[in-house]
>>> print(open('upload25.pdb').read())   # PDB, C-alpha atoms, pLDDT in the B column
ATOM      1  CA  MET I 202      78.676 110.363 111.586  1.00 73.00           C
ATOM      2  CA  THR I 203      76.083 111.034 108.907  1.00 81.00           C
ATOM      3  CA  HIS I 204      73.036 109.341 110.390  1.00 80.00           C
ATOM      4  CA  VAL I 205      71.822 107.006 113.118  1.00 87.00           C
ATOM      5  CA  VAL I 206      69.443 104.067 112.640  1.00 86.00           C
ATOM      6  CA  ASP I 207      67.291 102.782 115.508  1.00 89.00           C
ATOM      7  CA  GLU I 208      64.080 101.152 114.338  1.00 90.00           C
ATOM      8  CA  THR I 209      61.914  98.046 114.515  1.00 91.00           C
ATOM      9  CA  ARG I 210      60.078  96.814 111.421  1.00 89.00           C
ATOM     10  CA  ALA I 211      58.616  93.445 110.445  1.00 88.00           C
ATOM     11  CA  ALA I 212      59.903  91.653 113.579  1.00 90.00           C
ATOM     12  CA  ARG I 213      63.472  92.923 112.991  1.00 90.00           C
ATOM     13  CA  SER I 214      65.242  95.504 115.104  1.00 92.00           C
ATOM     14  CA  ARG I 215      68.048  97.589 113.544  1.00 89.00           C
ATOM     15  CA  CYS I 216      70.503  99.965 115.159  1.00 89.00           C
ATOM     16  CA  GLY I 217      73.629 101.499 113.716  1.00 87.00           C
ATOM     17  CA  ALA I 218      75.216 104.518 112.119  1.00 86.00           C
ATOM     18  CA  GLY I 219      76.498 105.869 108.832  1.00 84.00           C
ATOM     19  CA  LEU I 220      80.055 107.180 108.805  1.00 81.00           C
ATOM     20  CA  ARG I 221      82.071 109.314 106.426  1.00 79.00           C
ATOM     21  CA  ASP I 222      85.110 111.573 106.562  1.00 74.00           C
ATOM     22  CA  PRO I 223      83.847 115.184 106.699  1.00 74.00           C
ATOM     23  CA  ARG I 224      86.998 116.355 104.913  1.00 73.00           C
ATOM     24  CA  ARG I 225      86.063 114.368 101.804  1.00 70.00           C
ATOM     25  CA  PRO I 226      83.227 115.080  99.332  1.00 67.00           C
ATOM     26  CA  PRO I 227      79.898 113.592 100.515  1.00 63.00           C
ATOM     27  CA  ARG I 228      79.860 110.790  97.939  1.00 63.00           C
ATOM     28  CA  ALA I 229      83.577 109.919  98.105  1.00 69.00           C
ATOM     29  CA  ARG I 230      83.340 107.242 100.816  1.00 74.00           C
ATOM     30  CA  GLN I 231      80.703 106.138 103.265  1.00 78.00           C
ATOM     31  CA  ASP I 232      80.233 103.135 105.544  1.00 82.00           C
ATOM     32  CA  GLU I 233      77.123 101.983 107.357  1.00 86.00           C
ATOM     33  CA  LEU I 234      77.495  99.733 110.388  1.00 84.00           C
ATOM     34  CA  GLU I 235      74.354  98.018 111.700  1.00 88.00           C
ATOM     35  CA  LEU I 236      73.310  95.375 114.175  1.00 86.00           C
ATOM     36  CA  VAL I 237      70.147  93.627 112.995  1.00 90.00           C
ATOM     37  CA  LYS I 238      68.221  91.380 115.394  1.00 91.00           C
ATOM     38  CA  ASP I 239      65.469  88.975 114.395  1.00 91.00           C
ATOM     39  CA  LEU I 240      63.035  89.413 117.286  1.00 91.00           C
ATOM     40  CA  ALA I 241      61.436  85.975 116.801  1.00 91.00           C
ATOM     41  CA  SER I 242      64.616  83.864 116.808  1.00 92.00           C
ATOM     42  CA  GLY I 243      67.012  86.205 118.660  1.00 88.00           C
ATOM     43  CA  ALA I 244      69.603  85.858 115.878  1.00 89.00           C
ATOM     44  CA  VAL I 245      71.840  88.922 115.488  1.00 86.00           C
ATOM     45  CA  GLU I 246      73.715  89.981 112.339  1.00 87.00           C
ATOM     46  CA  PHE I 247      76.437  92.589 112.011  1.00 83.00           C
ATOM     47  CA  VAL I 248      76.068  94.285 108.628  1.00 85.00           C
ATOM     48  CA  ILE I 249      78.670  96.578 107.054  1.00 83.00           C
ATOM     49  CA  THR I 250      77.690  98.374 103.877  1.00 83.00           C
ATOM     50  CA  GLY I 251      80.260 100.579 102.230  1.00 79.00           C
ATOM     51  CA  PHE I 252      80.981 102.397  99.038  1.00 76.00           C
ATOM     52  CA  SER I 253      83.851 104.480  97.823  1.00 74.00           C
ATOM     53  CA  GLN I 254      84.622 106.589  94.810  1.00 73.00           C
ATOM     54  CA  ARG I 255      88.098 106.783  93.339  1.00 70.00           C
ATOM     55  CA  SER I 256      89.776 110.102  93.918  1.00 70.00           C
ATOM     56  CA  PRO I 257      90.530 112.038  90.726  1.00 72.00           C
ATOM     57  CA  ALA I 258      93.838 113.066  92.361  1.00 74.00           C
ATOM     58  CA  LEU I 259      95.209 109.495  92.303  1.00 75.00           C
ATOM     59  CA  GLY I 260      98.248 109.017  90.140  1.00 81.00           C
ATOM     60  CA  PRO I 261      98.548 106.171  87.616  1.00 86.00           C
ATOM     61  CA  ILE I 262     100.424 103.859  90.015  1.00 85.00           C
ATOM     62  CA  ALA I 263      97.808 104.263  92.768  1.00 81.00           C
ATOM     63  CA  ARG I 264      94.992 103.650  90.251  1.00 82.00           C
ATOM     64  CA  LEU I 265      96.719 100.481  89.055  1.00 86.00           C
ATOM     65  CA  GLY I 266      97.255  99.350  92.665  1.00 83.00           C
ATOM     66  CA  TRP I 267      93.562  99.834  93.426  1.00 80.00           C
ATOM     67  CA  ARG I 268      92.535  97.848  90.356  1.00 83.00           C
ATOM     68  CA  LEU I 269      94.887  95.006  91.264  1.00 87.00           C
ATOM     69  CA  PHE I 270      94.413  94.847  95.041  1.00 85.00           C
ATOM     70  CA  GLY I 271      91.825  97.347  96.306  1.00 81.00           C
ATOM     71  CA  ARG I 272      88.582  95.388  96.233  1.00 80.00           C
ATOM     72  CA  ARG I 273      90.220  92.226  97.572  1.00 86.00           C
ATOM     73  CA  ILE I 274      91.736  94.141 100.490  1.00 84.00           C
ATOM     74  CA  GLN I 275      88.427  95.894 101.148  1.00 80.00           C
ATOM     75  CA  LEU I 276      86.534  92.578 101.326  1.00 84.00           C
ATOM     76  CA  HIS I 277      89.263  91.087 103.526  1.00 87.00           C
ATOM     77  CA  PHE I 278      88.849  94.015 105.934  1.00 82.00           C
ATOM     78  CA  TYR I 279      85.082  93.477 106.150  1.00 81.00           C
ATOM     79  CA  ARG I 280      85.564  89.744 106.805  1.00 86.00           C
ATOM     80  CA  GLN I 281      88.080  90.561 109.546  1.00 86.00           C
ATOM     81  CA  CYS I 282      85.569  92.944 111.169  1.00 81.00           C
ATOM     82  CA  GLY I 283      82.926  90.209 111.250  1.00 83.00           C
ATOM     83  CA  ALA I 284      85.341  87.580 112.587  1.00 87.00           C
ATOM     84  CA  ARG I 285      86.597  89.921 115.322  1.00 83.00           C
ATOM     85  CA  LEU I 286      83.075  90.846 116.394  1.00 82.00           C
ATOM     86  CA  ARG I 287      82.094  87.152 116.459  1.00 85.00           C
ATOM     87  CA  ARG I 288      85.156  86.304 118.565  1.00 86.00           C
ATOM     88  CA  LEU I 289      84.514  89.176 121.007  1.00 82.00           C
ATOM     89  CA  VAL I 290      80.880  88.133 121.471  1.00 83.00           C
ATOM     90  CA  GLN I 291      81.832  84.479 121.996  1.00 88.00           C
ATOM     91  CA  ASP I 292      84.485  85.497 124.535  1.00 88.00           C
ATOM     92  CA  ARG I 293      82.014  87.677 126.463  1.00 85.00           C
ATOM     93  CA  LEU I 294      79.385  84.910 126.441  1.00 87.00           C
ATOM     94  CA  ALA I 295      82.046  82.562 127.855  1.00 90.00           C
ATOM     95  CA  GLY I 296      82.651  84.996 130.735  1.00 87.00           C
ATOM     96  CA  ALA I 297      85.780  86.805 129.533  1.00 82.00           C
ATOM     97  CA  THR I 298      86.248  90.454 130.440  1.00 79.00           C
ATOM     98  CA  ALA I 299      86.427  93.121 127.761  1.00 68.00           C
ATOM     99  CA  ALA I 300      89.883  93.917 126.368  1.00 63.00           C
ATOM    100  CA  ALA I 301      91.408  97.363 126.737  1.00 58.00           C
ATOM    101  CA  SER I 302      90.132  99.633 123.993  1.00 56.00           C
ATOM    102  CA  VAL I 303      93.483 101.232 123.082  1.00 57.00           C
ATOM    103  CA  LEU I 304      96.998  99.783 123.222  1.00 56.00           C
ATOM    104  CA  HIS I 305     100.228 101.666 122.609  1.00 57.00           C
ATOM    105  CA  GLU I 306     103.501 100.319 121.270  1.00 59.00           C
ATOM    106  CA  GLY I 307     105.869 103.259 121.629  1.00 67.00           C
ATOM    107  CA  ASP I 308     104.231 106.158 119.797  1.00 65.00           C
ATOM    108  CA  LEU I 309     102.097 103.816 117.670  1.00 62.00           C
ATOM    109  CA  VAL I 310      98.438 103.270 118.629  1.00 61.00           C
ATOM    110  CA  LEU I 311      97.327  99.734 117.830  1.00 58.00           C
ATOM    111  CA  ALA I 312      93.764  99.375 116.650  1.00 60.00           C
ATOM    112  CA  PRO I 313      91.987  97.091 117.136  1.00 57.00           C
ATOM    113  CA  SER I 314      93.329  96.209 120.560  1.00 59.00           C
ATOM    114  CA  GLY I 315      94.888  92.796 121.015  1.00 62.00           C
ATOM    115  CA  ILE I 316      97.219  92.992 118.011  1.00 64.00           C
ATOM    116  CA  HIS I 317     100.964  93.510 117.878  1.00 68.00           C
ATOM    117  CA  PRO I 318     103.242  94.908 115.158  1.00 70.00           C
ATOM    118  CA  THR I 319     104.636  92.302 112.779  1.00 75.00           C
ATOM    119  CA  ALA I 320     107.896  92.184 110.833  1.00 77.00           C
ATOM    120  CA  GLY I 321     105.986  93.493 107.799  1.00 75.00           C
ATOM    121  CA  ASP I 322     105.138  96.672 109.712  1.00 73.00           C
ATOM    122  CA  LEU I 323     108.824  97.612 109.590  1.00 72.00           C
ATOM    123  CA  LEU I 324     108.501  97.899 105.798  1.00 77.00           C
ATOM    124  CA  THR I 325     105.482 100.205 105.951  1.00 72.00           C
ATOM    125  CA  VAL I 326     105.941 103.584 104.316  1.00 71.00           C
ATOM    126  CA  ARG I 327     104.985 106.170 106.893  1.00 66.00           C
ATOM    127  CA  TRP I 328     103.516 109.246 105.241  1.00 62.00           C
ATOM    128  CA  HIS I 329     101.761 111.920 107.235  1.00 57.00           C
ATOM    129  CA  HIS I 330      99.920 114.421 105.093  1.00 54.00           C
ATOM    130  CA  PRO I 331      98.162 117.069 107.190  1.00 53.00           C
ATOM    131  CA  GLY I 332      94.651 117.840 106.058  1.00 50.00           C
ATOM    132  CA  THR I 333      93.895 114.572 104.272  1.00 47.00           C
TER     133      THR I 333
END
>>> encode(input="upload25.pdb", output="structure tokens")
Amino acid sequence: MTHVVDETRAARSRCGAGLRDPRRPPRARQDELELVKDLASGAVEFVITGFSQRSPALGPIARLGWRLFGRRIQLHFYRQCGARLRRLVQDRLAGATAAASVLHEGDLVLAPSGIHPTAGDLLTVRWHHPGT
């Protein structure tokens, strides 16, 4: 966590945090997650701001893959975060209890909770590289 935001300005309240991987250079990748509430209307927004810098260690195939698919996948991830948060809030407002925070399927930890491996997960290349 790089910083925490908790402030009220111009009838808007903001709270959140900035995140980055401490093993990476400071400007390589950073995300900011914030909840912003309009104090007059009560409307709440979930805001994700992120940036990343391509690693100079990427090979030509990885660079091509990023150019073809990277930004689209990144935006899809952010949309999924917003949709999941919206669904969780709606469920809680309807009286549902909170889901378990961590689920296990064998030795695999499923995050976020409430999902299950698909047939496509069987094709995933599993590569564990200590220290990265």
>>> residues_around(input="upload25.pdb", residues="I:Ile249", least_positions_apart="4", cutoff="8 Å", atoms="only C-alpha atoms", output="ChimeraX atom specification")
/I:232-235,279
>>> resolve_selection(input="upload25.pdb", expression="the PyMOL selection byres ((chain I and resi 219-223) around 6)", output="NGL selection string")
:I and (202-204 or 218 or 224-225 or 231-233)
>>> residues_around(input="upload25.pdb", residues="I:Leu240", least_positions_apart="5", cutoff="7 Å", atoms="all atoms listed in the file", output="ChimeraX atom specification")
/I:212-214
>>> write_last_selection(input="upload25.pdb", atoms="C-alpha atoms", output="PDB file, keeping the file's coordinate frame")
ATOM      1  CA  ALA I 212      59.903  91.653 113.579  1.00 90.00           C
ATOM      2  CA  ARG I 213      63.472  92.923 112.991  1.00 90.00           C
ATOM      3  CA  SER I 214      65.242  95.504 115.104  1.00 92.00           C
TER       4      SER I 214
END
>>> atom_distance(input="upload25.pdb", atom1="atom CA of I:Ala241", atom2="atom CA of I:Leu294")
20.4 Å
>>> atom_distance(input="upload25.pdb", atom1="atom CA of I:Asp292", atom2="atom CA of I:Lys238")
19.6 Å
>>> atom_distance(input="upload25.pdb", atom1="atom CA of I:Arg280", atom2="atom CA of I:Arg230")
18.6 Å
>>> build_atoms(input="upload25.pdb", residues="stretch 265-282 of chain I", atoms="N, CA and C atoms", output="mmCIF file, in the frame of the given file")
data_model
loop_
_atom_site.group_PDB
_atom_site.id
_atom_site.type_symbol
_atom_site.label_atom_id
_atom_site.label_comp_id
_atom_site.auth_asym_id
_atom_site.auth_seq_id
_atom_site.Cartn_x
_atom_site.Cartn_y
_atom_site.Cartn_z
ATOM 1 N N LEU I 265 96.400 101.860 89.394
ATOM 2 C CA LEU I 265 96.719 100.481 89.055
ATOM 3 C C LEU I 265 96.686 99.600 90.304
ATOM 4 N N GLY I 266 97.261 100.097 91.412
ATOM 5 C CA GLY I 266 97.255 99.350 92.665
ATOM 6 C C GLY I 266 95.845 99.060 93.144
ATOM 7 N N TRP I 267 94.956 100.053 93.019
ATOM 8 C CA TRP I 267 93.562 99.834 93.426
ATOM 9 C C TRP I 267 92.913 98.763 92.552
ATOM 10 N N ARG I 268 93.142 98.845 91.255
ATOM 11 C CA ARG I 268 92.535 97.848 90.356
ATOM 12 C C ARG I 268 93.036 96.438 90.647
ATOM 13 N N LEU I 269 94.319 96.317 91.002
ATOM 14 C CA LEU I 269 94.887 95.006 91.264
ATOM 15 C C LEU I 269 94.531 94.464 92.646
ATOM 16 N N PHE I 270 94.521 95.324 93.669
ATOM 17 C CA PHE I 270 94.413 94.847 95.041
ATOM 18 C C PHE I 270 93.267 95.444 95.851
ATOM 19 N N GLY I 271 92.750 96.586 95.464
ATOM 20 C CA GLY I 271 91.825 97.347 96.306
ATOM 21 C C GLY I 271 90.591 96.603 96.774
ATOM 22 N N ARG I 272 89.825 96.052 95.845
ATOM 23 C CA ARG I 272 88.582 95.388 96.233
ATOM 24 C C ARG I 272 88.847 94.165 97.103
ATOM 25 N N ARG I 273 89.890 93.409 96.777
ATOM 26 C CA ARG I 273 90.220 92.226 97.572
ATOM 27 C C ARG I 273 90.584 92.620 99.001
ATOM 28 N N ILE I 274 91.355 93.673 99.163
ATOM 29 C CA ILE I 274 91.736 94.141 100.490
ATOM 30 C C ILE I 274 90.516 94.668 101.240
ATOM 31 N N GLN I 275 89.641 95.369 100.538
ATOM 32 C CA GLN I 275 88.427 95.894 101.148
ATOM 33 C C GLN I 275 87.548 94.759 101.682
ATOM 34 N N LEU I 276 87.346 93.718 100.889
ATOM 35 C CA LEU I 276 86.534 92.578 101.326
ATOM 36 C C LEU I 276 87.203 91.833 102.476
ATOM 37 N N HIS I 277 88.523 91.724 102.431
ATOM 38 C CA HIS I 277 89.263 91.087 103.526
ATOM 39 C C HIS I 277 89.045 91.858 104.829
ATOM 40 N N PHE I 278 89.082 93.178 104.761
ATOM 41 C CA PHE I 278 88.849 94.015 105.934
ATOM 42 C C PHE I 278 87.461 93.757 106.509
ATOM 43 N N TYR I 279 86.450 93.712 105.663
ATOM 44 C CA TYR I 279 85.082 93.477 106.150
ATOM 45 C C TYR I 279 84.961 92.093 106.789
ATOM 46 N N ARG I 280 85.595 91.080 106.202
ATOM 47 C CA ARG I 280 85.564 89.744 106.805
ATOM 48 C C ARG I 280 86.262 89.742 108.162
ATOM 49 N N GLN I 281 87.382 90.472 108.260
ATOM 50 C CA GLN I 281 88.080 90.561 109.546
ATOM 51 C C GLN I 281 87.219 91.242 110.605
ATOM 52 N N CYS I 282 86.475 92.268 110.226
ATOM 53 C CA CYS I 282 85.569 92.944 111.169
ATOM 54 C C CYS I 282 84.544 91.956 111.709
#
